[in-house]
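Shown below: protein12.csv, with CSV, C-alpha atoms.
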```csv
chain,number,residue,atom,x,y,z
A,250,MET,CA,1.0,-9.8,-24.7
A,251,ILE,CA,-1.3,-8.2,-22.1
A,252,PHE,CA,0.6,-6.0,-19.5
A,253,SER,CA,-0.8,-5.2,-16.1
A,254,LEU,CA,-1.7,-1.6,-15.2
A,255,LYS,CA,1.4,-1.4,-13.0
A,256,THR,CA,3.7,-2.6,-15.8
A,257,LYS,CA,2.3,-0.1,-18.3
A,258,LEU,CA,2.8,2.7,-15.8
A,259,LEU,CA,6.4,1.7,-15.2
A,260,PHE,CA,7.1,1.5,-18.9
A,261,PHE,CA,5.6,5.0,-19.4
A,262,LEU,CA,7.5,6.6,-16.5
A,263,HIS,CA,10.7,4.9,-17.6
A,264,PHE,CA,10.2,6.5,-21.1
A,265,VAL,CA,9.5,9.9,-19.6
A,266,LEU,CA,12.5,9.7,-17.3
A,267,MET,CA,14.8,8.8,-20.1
A,268,THR,CA,13.6,11.5,-22.4
A,269,SER,CA,13.0,14.5,-20.1
A,270,VAL,CA,14.8,13.9,-16.8
A,271,CYS,CA,15.2,17.7,-16.2
A,272,CYS,CA,11.5,18.3,-16.1
A,273,ILE,CA,10.4,15.6,-13.6
A,274,SER,CA,9.8,16.7,-10.1
A,275,SER,CA,8.8,13.2,-8.9
A,276,GLY,CA,8.8,9.7,-10.4
A,277,GLN,CA,11.9,8.2,-8.9
A,278,ILE,CA,12.3,4.5,-9.6
A,279,ILE,CA,12.8,2.4,-6.4
A,280,LYS,CA,13.8,-1.2,-6.2
A,281,ASP,CA,13.0,-3.5,-3.3
A,282,ALA,CA,14.9,-6.6,-2.1
A,283,ASP,CA,13.1,-8.8,-4.7
A,284,GLY,CA,13.9,-6.5,-7.6
A,285,ASN,CA,10.3,-5.2,-7.9
A,286,LEU,CA,10.2,-1.6,-9.2
A,287,TYR,CA,8.1,1.2,-7.8
A,288,THR,CA,7.5,4.9,-8.8
A,289,SER,CA,7.1,7.8,-6.4
A,290,VAL,CA,5.2,11.1,-6.1
A,291,LYS,CA,5.7,14.1,-4.0
A,292,ILE,CA,2.6,15.3,-2.0
A,293,GLY,CA,3.2,18.3,0.1
A,294,LYS,CA,6.6,17.8,1.7
A,295,GLN,CA,6.5,14.1,1.6
A,296,VAL,CA,7.5,11.6,-1.1
A,297,TRP,CA,5.3,8.5,-1.3
A,298,MET,CA,5.5,5.3,-3.4
A,299,VAL,CA,2.8,5.1,-6.0
A,300,GLU,CA,2.3,1.4,-5.6
A,301,ASN,CA,1.6,-0.9,-2.7
A,302,LEU,CA,4.6,-2.8,-1.5
A,303,SER,CA,5.0,-6.4,-2.8
A,304,THR,CA,8.4,-7.6,-1.5
A,305,THR,CA,8.7,-11.1,-0.1
A,306,ARG,CA,12.0,-10.2,1.7
A,307,LEU,CA,13.1,-7.6,4.2
A,308,ASN,CA,15.7,-5.1,2.9
A,309,ASP,CA,18.5,-7.1,4.5
A,310,GLY,CA,17.5,-10.1,2.3
A,311,THR,CA,15.7,-12.0,5.1
A,312,PRO,CA,12.7,-13.9,3.6
A,313,ILE,CA,9.2,-13.1,4.9
A,314,LYS,CA,7.0,-16.2,5.5
A,315,ASN,CA,4.3,-16.6,2.9
A,316,VAL,CA,1.3,-18.0,4.8
A,317,VAL,CA,-1.6,-19.5,2.9
A,318,GLN,CA,-3.4,-21.5,5.6
A,319,ASP,CA,-5.9,-19.6,7.8
A,320,GLU,CA,-4.9,-21.3,11.0
A,321,ILE,CA,-1.2,-20.8,10.5
A,322,TRP,CA,-1.8,-17.1,9.7
A,323,ALA,CA,-3.9,-16.7,12.9
A,324,ASN,CA,-1.2,-18.3,15.0
A,325,SER,CA,1.7,-16.4,13.5
A,326,THR,CA,3.9,-14.4,15.9
A,327,GLY,CA,6.5,-13.3,13.4
A,328,PRO,CA,6.6,-11.5,10.0
A,329,ALA,CA,4.2,-12.9,7.4
A,330,TYR,CA,2.7,-11.9,4.1
A,331,CYS,CA,0.1,-13.2,1.6
A,332,TRP,CA,-1.5,-12.1,-1.6
A,333,PHE,CA,-5.2,-11.1,-1.5
A,334,ASN,CA,-7.3,-14.2,-1.6
A,335,ASN,CA,-4.0,-16.2,-1.8
A,336,ASP,CA,-3.9,-15.3,-5.5
A,337,PRO,CA,-0.4,-14.4,-6.7
A,338,GLY,CA,-2.1,-12.8,-9.7
A,339,ASN,CA,-2.9,-9.9,-7.4
A,340,LYS,CA,0.7,-9.1,-6.8
A,341,ASN,CA,1.5,-6.7,-9.7
A,342,ASP,CA,-1.4,-4.3,-9.2
A,343,LEU,CA,-2.4,-4.7,-5.5
A,344,GLY,CA,0.8,-5.7,-3.8
A,345,ALA,CA,1.0,-7.9,-0.8
A,346,LEU,CA,-0.8,-8.0,2.6
A,347,TYR,CA,1.5,-8.0,5.6
A,348,ASN,CA,0.9,-8.6,9.3
A,349,PHE,CA,2.2,-5.9,11.7
A,350,PHE,CA,5.1,-8.1,12.8
A,351,SER,CA,6.5,-7.5,9.3
A,352,VAL,CA,6.1,-3.7,9.8
A,353,GLU,CA,7.8,-3.7,13.2
A,354,THR,CA,11.0,-5.2,11.8
A,355,GLY,CA,11.8,-1.7,10.5
A,356,LYS,CA,13.2,-3.4,7.4
A,357,LEU,CA,10.1,-3.9,5.3
A,358,CYS,CA,10.6,-1.0,2.9
A,359,PRO,CA,13.6,-0.5,0.7
A,360,SER,CA,16.6,1.2,2.1
A,361,GLY,CA,16.0,4.9,2.4
A,362,TRP,CA,12.3,4.4,2.8
A,363,HIS,CA,10.0,3.4,5.7
A,364,VAL,CA,6.5,2.5,6.7
A,365,PRO,CA,4.8,5.8,7.6
A,366,SER,CA,3.8,6.6,11.1
A,367,LYS,CA,0.4,7.7,12.2
A,368,ALA,CA,1.6,11.3,12.3
A,369,GLU,CA,3.0,11.0,8.8
A,370,TRP,CA,-0.4,9.8,7.6
A,371,ALA,CA,-2.0,12.7,9.3
A,372,GLU,CA,0.4,15.1,7.5
A,373,LEU,CA,-0.6,13.4,4.2
A,374,ILE,CA,-4.3,13.9,4.9
A,375,MET,CA,-3.7,17.6,5.7
A,376,SER,CA,-1.9,17.9,2.3
A,377,LEU,CA,-4.8,16.3,0.6
A,378,GLY,CA,-7.3,18.8,2.2
A,379,ASP,CA,-9.2,17.0,4.9
A,380,SER,CA,-10.3,13.5,5.9
A,381,ASN,CA,-13.8,13.9,4.4
A,382,THR,CA,-12.5,14.3,0.8
A,383,ALA,CA,-9.0,12.8,0.9
A,384,GLY,CA,-10.2,9.3,0.0
A,385,ALA,CA,-11.7,10.4,-3.3
A,386,ARG,CA,-8.6,12.4,-4.1
A,387,ILE,CA,-6.2,9.5,-3.8
A,388,LYS,CA,-8.3,6.7,-5.4
A,389,SER,CA,-7.2,5.5,-8.8
A,390,THR,CA,-9.5,6.5,-11.6
A,391,HIS,CA,-9.0,3.1,-13.3
A,392,ALA,CA,-12.5,1.7,-13.9
A,393,ASP,CA,-11.4,-2.0,-13.6
A,394,TYR,CA,-10.8,-1.7,-9.9
A,395,TRP,CA,-13.2,0.5,-7.9
A,396,HIS,CA,-16.4,-1.4,-8.7
A,397,ASN,CA,-19.7,0.2,-7.9
A,398,ASN,CA,-17.9,3.4,-7.0
A,399,ILE,CA,-20.6,6.0,-6.3
A,400,VAL,CA,-18.1,8.7,-5.5
A,401,VAL,CA,-16.3,10.7,-8.1
A,402,THR,CA,-12.6,9.9,-7.9
A,403,THR,CA,-9.9,12.3,-9.1
A,404,ASP,CA,-6.5,10.8,-8.2
A,405,GLU,CA,-5.3,14.4,-8.6
A,406,PHE,CA,-2.1,13.8,-6.5
A,407,GLY,CA,-1.1,10.7,-8.3
A,408,PHE,CA,-1.3,8.4,-5.2
A,409,SER,CA,-3.3,5.9,-7.4
A,410,ALA,CA,-4.9,3.9,-4.6
A,411,LEU,CA,-6.4,0.5,-5.5
A,412,PRO,CA,-8.7,-1.7,-3.5
A,413,GLY,CA,-6.1,-4.2,-2.1
A,414,GLY,CA,-8.4,-5.7,0.5
A,415,SER,CA,-7.2,-7.2,3.7
A,416,ARG,CA,-6.8,-10.4,5.7
A,417,GLN,CA,-8.5,-10.9,9.0
A,418,ALA,CA,-6.6,-11.8,12.2
A,419,ILE,CA,-8.2,-15.3,12.1
A,420,GLY,CA,-6.8,-15.8,8.6
A,421,GLU,CA,-9.9,-15.4,6.5
A,422,PHE,CA,-10.3,-12.9,3.6
A,423,PRO,CA,-13.4,-10.6,3.7
A,424,MET,CA,-16.1,-11.1,1.0
A,425,ASN,CA,-16.0,-7.4,0.1
A,426,GLY,CA,-12.2,-7.2,-0.2
A,427,ASP,CA,-12.4,-5.6,-3.7
A,428,SER,CA,-14.3,-2.6,-2.3
A,429,PHE,CA,-11.7,-1.1,0.0
A,430,ALA,CA,-8.0,-0.4,0.7
A,431,ALA,CA,-6.3,-0.5,4.0
A,432,TRP,CA,-2.7,0.4,4.9
A,433,TRP,CA,-0.7,-0.1,8.1
A,434,THR,CA,1.0,2.8,9.9
A,435,SER,CA,4.1,2.0,11.9
A,436,THR,CA,2.4,3.1,15.1
A,437,ARG,CA,1.0,0.7,17.7
A,438,TYR,CA,-2.1,1.5,19.7
A,439,ASN,CA,-1.4,-1.0,22.4
A,440,ASP,CA,0.1,-4.5,22.7
A,441,ALA,CA,-2.5,-6.1,20.6
A,442,LEU,CA,-3.5,-3.3,18.1
A,443,ALA,CA,-1.9,-1.0,15.6
A,444,TRP,CA,-3.1,2.1,13.7
A,445,ASN,CA,-4.1,1.9,10.0
A,446,HIS,CA,-5.9,4.0,7.4
A,447,GLY,CA,-8.4,2.9,4.8
A,448,ILE,CA,-10.7,4.1,2.0
A,449,TYR,CA,-13.9,2.6,0.7
A,450,TYR,CA,-15.7,2.4,-2.6
A,451,ASN,CA,-18.9,4.3,-1.5
A,452,THR,CA,-17.3,7.3,0.3
A,453,GLY,CA,-14.8,10.0,-0.3
A,454,LYS,CA,-13.5,9.9,3.2
A,455,ILE,CA,-10.2,8.4,4.5
A,456,TYR,CA,-10.6,6.6,7.8
A,457,GLY,CA,-8.2,5.9,10.6
A,458,GLY,CA,-8.5,3.2,13.2
A,459,HIS,CA,-6.7,0.4,15.0
A,460,ASP,CA,-6.9,-3.3,14.3
A,461,LYS,CA,-5.3,-6.5,15.6
A,462,ILE,CA,-1.6,-6.8,14.7
A,463,LYS,CA,-2.3,-10.2,13.1
A,464,CYS,CA,-4.4,-8.6,10.4
A,465,GLY,CA,-3.0,-8.4,6.9
A,466,PHE,CA,-3.0,-4.9,5.4
A,467,SER,CA,-1.2,-3.2,2.5
A,468,VAL,CA,1.8,-1.0,3.0
A,469,ARG,CA,2.8,2.2,1.3
A,470,CYS,CA,6.3,3.3,1.9
A,471,ILE,CA,7.4,6.9,2.4
A,472,LYS,CA,10.9,8.3,1.8
A,473,ASN,CA,13.2,9.1,4.7
A,474,LYS,CA,13.8,12.8,5.2
```

What do you get writing this file as C-alpha cells?
Amino acid sequence: MIFSLKTKLLFFLHFVLMTSVCCISSGQIIKDADGNLYTSVKIGKQVWMVENLSTTRLNDGTPIKNVVQDEIWANSTGPAYCWFNNDPGNKNDLGALYNFFSVETGKLCPSGWHVPSKAEWAELIMSLGDSNTAGARIKSTHADYWHNNIVVTTDEFGFSALPGGSRQAIGEFPMNGDSFAAWWTSTRYNDALAWNHGIYYNTGKIYGGHDKIKCGFSVRCIKNK
C-alpha cells in the first residue's frame, strides 16, 4: 500500500508522541470536524498547523458547499470550498481551497484554533527572519512538489509548505497552480478584497497582497492564545 506524504508524517509523529511525550515541544495532534488529523509546530511565540486545512464542515458541523462548476463558484456569496483542479486526490497533501466567505464564518478552523490575521502573519514572517528569505525557510524540501525549484529550500522551522495552488474568482484554476502556495488571512482589505500571503517556486520571498474574496486559497490555522 502506498501512503501519502501527510499520512506518513502523521504515522511518524504518532509514534514519536507515544514513545517520547516528555521530549516533544510541538507536534500536538489536532482533529477537525471531519475527523482529519493535523500536526503542529511552534514558531516564535505562535503555534501553527503543519498542514493546510482540508475540512468540509465548519467546527459546529455545518457543511461547507463543495463547488465544482466555474460559474457557480464565481457567483457564490456564501462559504464554499474545492480541491485544486477539482481533484479529490489533492486533499491529503494539499488540503482544500476556500473562498473568503468560509474564512469569515469564524468557524473554519477546529475549536481552539483560528485563521490568522494579517498581523499574525507579519509576526510569523518576523520570526522567520524577513520577507526576502521567509519563503525558502518554510517550503517543504520534498522533491515531488516544488518542481523546477531554483531556490534552495530548508523548511528549517517545520512549516512544510506545499504548492497548493488557488482558484480564481471567476472559477478557473491557474495553469501554473503547482508552482505556488497562497493562504488567506482573516483580514479584509475592503468590501471586495481580503489579504493573503503566498510563496513561489522561483524565489525565496514571501509575498503579501489582497485578492477578491471569491478567490479560493489554502488556509493554515493558528492556535488561540

**Request:** Calculate how many Å separate CA of Ala371 in chain A from CA of Val352 in chain A, rounding to one decimal.
**Result:**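 These two atoms are separated by 18.3 Å.
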
**Message:** Would you pick out the contacts of range 437-443 of chain A at 9 Å or less, using only C-alpha atoms, so that residues sharing its chain but fewer than 2 positions from it are not included, and give the list as a ChimeraX atom specification?
**Reply:** /A:349,367,433-435,445,458-463

**Asked** Within 6 Å of (8.0, 9.5, -1.0), in the coordinates the file gives, what residues turn up when you count only C-alpha atoms, written out as a PyMOL selection string?
**Response** chain A and resi 289+291+295-298+471-472

Give as a compact mmCIF listing (two decimals) with C-alpha atoms, keeping the file's coordinate frame every residue, naming chains and numbers as the document does, that has an atom within 12 Å of (-8.4, -7.8, 5.3), counting all atoms listed in the file.
```txt
# COMPACT_ATOMS: atom_id res chain seq x y z
CA TYR A 330 2.70 -11.90 4.10
CA CYS A 331 0.10 -13.20 1.60
CA TRP A 332 -1.50 -12.10 -1.60
CA PHE A 333 -5.20 -11.10 -1.50
CA ASN A 334 -7.30 -14.20 -1.60
CA ASN A 335 -4.00 -16.20 -1.80
CA ALA A 345 1.00 -7.90 -0.80
CA LEU A 346 -0.80 -8.00 2.60
CA TYR A 347 1.50 -8.00 5.60
CA ASN A 348 0.90 -8.60 9.30
CA PRO A 412 -8.70 -1.70 -3.50
CA GLY A 413 -6.10 -4.20 -2.10
CA GLY A 414 -8.40 -5.70 0.50
CA SER A 415 -7.20 -7.20 3.70
CA ARG A 416 -6.80 -10.40 5.70
CA GLN A 417 -8.50 -10.90 9.00
CA ALA A 418 -6.60 -11.80 12.20
CA ILE A 419 -8.20 -15.30 12.10
CA GLY A 420 -6.80 -15.80 8.60
CA GLU A 421 -9.90 -15.40 6.50
CA PHE A 422 -10.30 -12.90 3.60
CA PRO A 423 -13.40 -10.60 3.70
CA MET A 424 -16.10 -11.10 1.00
CA ASN A 425 -16.00 -7.40 0.10
CA GLY A 426 -12.20 -7.20 -0.20
CA ASP A 427 -12.40 -5.60 -3.70
CA SER A 428 -14.30 -2.60 -2.30
CA PHE A 429 -11.70 -1.10 0.00
CA ALA A 430 -8.00 -0.40 0.70
CA ALA A 431 -6.30 -0.50 4.00
CA TRP A 432 -2.70 0.40 4.90
CA TRP A 433 -0.70 -0.10 8.10
CA ASN A 445 -4.10 1.90 10.00
CA GLY A 447 -8.40 2.90 4.80
CA ASP A 460 -6.90 -3.30 14.30
CA LYS A 461 -5.30 -6.50 15.60
CA ILE A 462 -1.60 -6.80 14.70
CA LYS A 463 -2.30 -10.20 13.10
CA CYS A 464 -4.40 -8.60 10.40
CA GLY A 465 -3.00 -8.40 6.90
CA PHE A 466 -3.00 -4.90 5.40
CA SER A 467 -1.20 -3.20 2.50
```

**Request:** Within 10 Å of Glu405 in chain A, counting all atoms listed in the file, which residues show up once you throw out same-chain ones fewer than 6 positions away? Write them as an MDAnalysis selection string, please.
**Result:** chainID A and resid 377 385:390

Residue rebuild result range 378-408 of chain A, N, CA and C atoms as a tab-separated table (two decimals), in the coordinates of the input:
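Result file is selection_5.tsv:
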```tsv
chain	number	residue	atom	x	y	z
A	378	GLY	N	-6.15	17.92	1.89
A	378	GLY	CA	-7.30	18.80	2.20
A	378	GLY	C	-7.88	18.52	3.52
A	379	ASP	N	-8.64	17.43	3.61
A	379	ASP	CA	-9.20	17.00	4.90
A	379	ASP	C	-9.63	15.54	4.75
A	380	SER	N	-9.94	14.90	5.89
A	380	SER	CA	-10.30	13.50	5.90
A	380	SER	C	-11.58	13.16	5.18
A	381	ASN	N	-12.46	14.16	5.02
A	381	ASN	CA	-13.80	13.90	4.40
A	381	ASN	C	-13.68	13.79	2.87
A	382	THR	N	-12.63	14.35	2.28
A	382	THR	CA	-12.50	14.30	0.80
A	382	THR	C	-11.21	13.62	0.36
A	383	ALA	N	-10.31	13.32	1.30
A	383	ALA	CA	-9.00	12.80	0.90
A	383	ALA	C	-9.08	11.46	0.20
A	384	GLY	N	-10.03	10.61	0.61
A	384	GLY	CA	-10.20	9.30	0.00
A	384	GLY	C	-10.42	9.38	-1.51
A	385	ALA	N	-11.35	10.26	-1.90
A	385	ALA	CA	-11.70	10.40	-3.30
A	385	ALA	C	-10.52	11.00	-4.11
A	386	ARG	N	-9.68	11.76	-3.44
A	386	ARG	CA	-8.60	12.40	-4.10
A	386	ARG	C	-7.36	11.58	-4.32
A	387	ILE	N	-7.32	10.40	-3.65
A	387	ILE	CA	-6.20	9.50	-3.80
A	387	ILE	C	-6.56	8.19	-4.53
A	388	LYS	N	-7.86	7.97	-4.76
A	388	LYS	CA	-8.30	6.70	-5.40
A	388	LYS	C	-7.88	6.76	-6.90
A	389	SER	N	-7.41	5.63	-7.39
A	389	SER	CA	-7.20	5.50	-8.80
A	389	SER	C	-8.46	5.68	-9.59
A	390	THR	N	-8.36	6.29	-10.76
A	390	THR	CA	-9.50	6.50	-11.60
A	390	THR	C	-9.72	5.29	-12.56
A	391	HIS	N	-8.89	4.26	-12.42
A	391	HIS	CA	-9.00	3.10	-13.30
A	391	HIS	C	-10.28	2.34	-13.04
A	392	ALA	N	-11.11	2.24	-14.06
A	392	ALA	CA	-12.50	1.70	-13.90
A	392	ALA	C	-12.50	0.21	-13.59
A	393	ASP	N	-11.42	-0.50	-13.83
A	393	ASP	CA	-11.40	-2.00	-13.60
A	393	ASP	C	-11.33	-2.34	-12.14
A	394	TYR	N	-11.10	-1.38	-11.26
A	394	TYR	CA	-10.80	-1.70	-9.90
A	394	TYR	C	-11.88	-1.26	-8.88
A	395	TRP	N	-12.24	0.02	-8.89
A	395	TRP	CA	-13.20	0.50	-7.90
A	395	TRP	C	-14.61	0.23	-8.41
A	396	HIS	N	-15.07	-1.01	-8.26
A	396	HIS	CA	-16.40	-1.40	-8.70
A	396	HIS	C	-17.49	-0.75	-7.92
A	397	ASN	N	-18.59	-0.42	-8.59
A	397	ASN	CA	-19.70	0.20	-7.90
A	397	ASN	C	-19.37	1.47	-7.19
A	398	ASN	N	-18.37	2.16	-7.71
A	398	ASN	CA	-17.90	3.40	-7.00
A	398	ASN	C	-18.93	4.49	-7.26
A	399	ILE	N	-19.56	4.96	-6.19
A	399	ILE	CA	-20.60	6.00	-6.30
A	399	ILE	C	-20.01	7.37	-5.98
A	400	VAL	N	-18.72	7.44	-5.76
A	400	VAL	CA	-18.10	8.70	-5.50
A	400	VAL	C	-17.13	9.06	-6.60
A	401	VAL	N	-17.16	10.30	-7.05
A	401	VAL	CA	-16.30	10.70	-8.10
A	401	VAL	C	-14.83	10.74	-7.60
A	402	THR	N	-13.97	10.01	-8.29
A	402	THR	CA	-12.60	9.90	-7.90
A	402	THR	C	-11.72	10.78	-8.84
A	403	THR	N	-10.68	11.39	-8.32
A	403	THR	CA	-9.90	12.30	-9.10
A	403	THR	C	-8.41	11.87	-9.25
A	404	ASP	N	-7.88	11.20	-8.22
A	404	ASP	CA	-6.50	10.80	-8.20
A	404	ASP	C	-5.58	12.02	-8.56
A	405	GLU	N	-5.95	13.19	-8.13
A	405	GLU	CA	-5.30	14.40	-8.60
A	405	GLU	C	-3.85	14.55	-8.05
A	406	PHE	N	-3.50	13.76	-7.03
A	406	PHE	CA	-2.10	13.80	-6.50
A	406	PHE	C	-1.26	12.68	-6.97
A	407	GLY	N	-1.84	11.76	-7.74
A	407	GLY	CA	-1.10	10.70	-8.30
A	407	GLY	C	-0.77	9.54	-7.32
A	408	PHE	N	-1.53	9.45	-6.22
A	408	PHE	CA	-1.30	8.40	-5.20
A	408	PHE	C	-1.83	7.03	-5.79
```
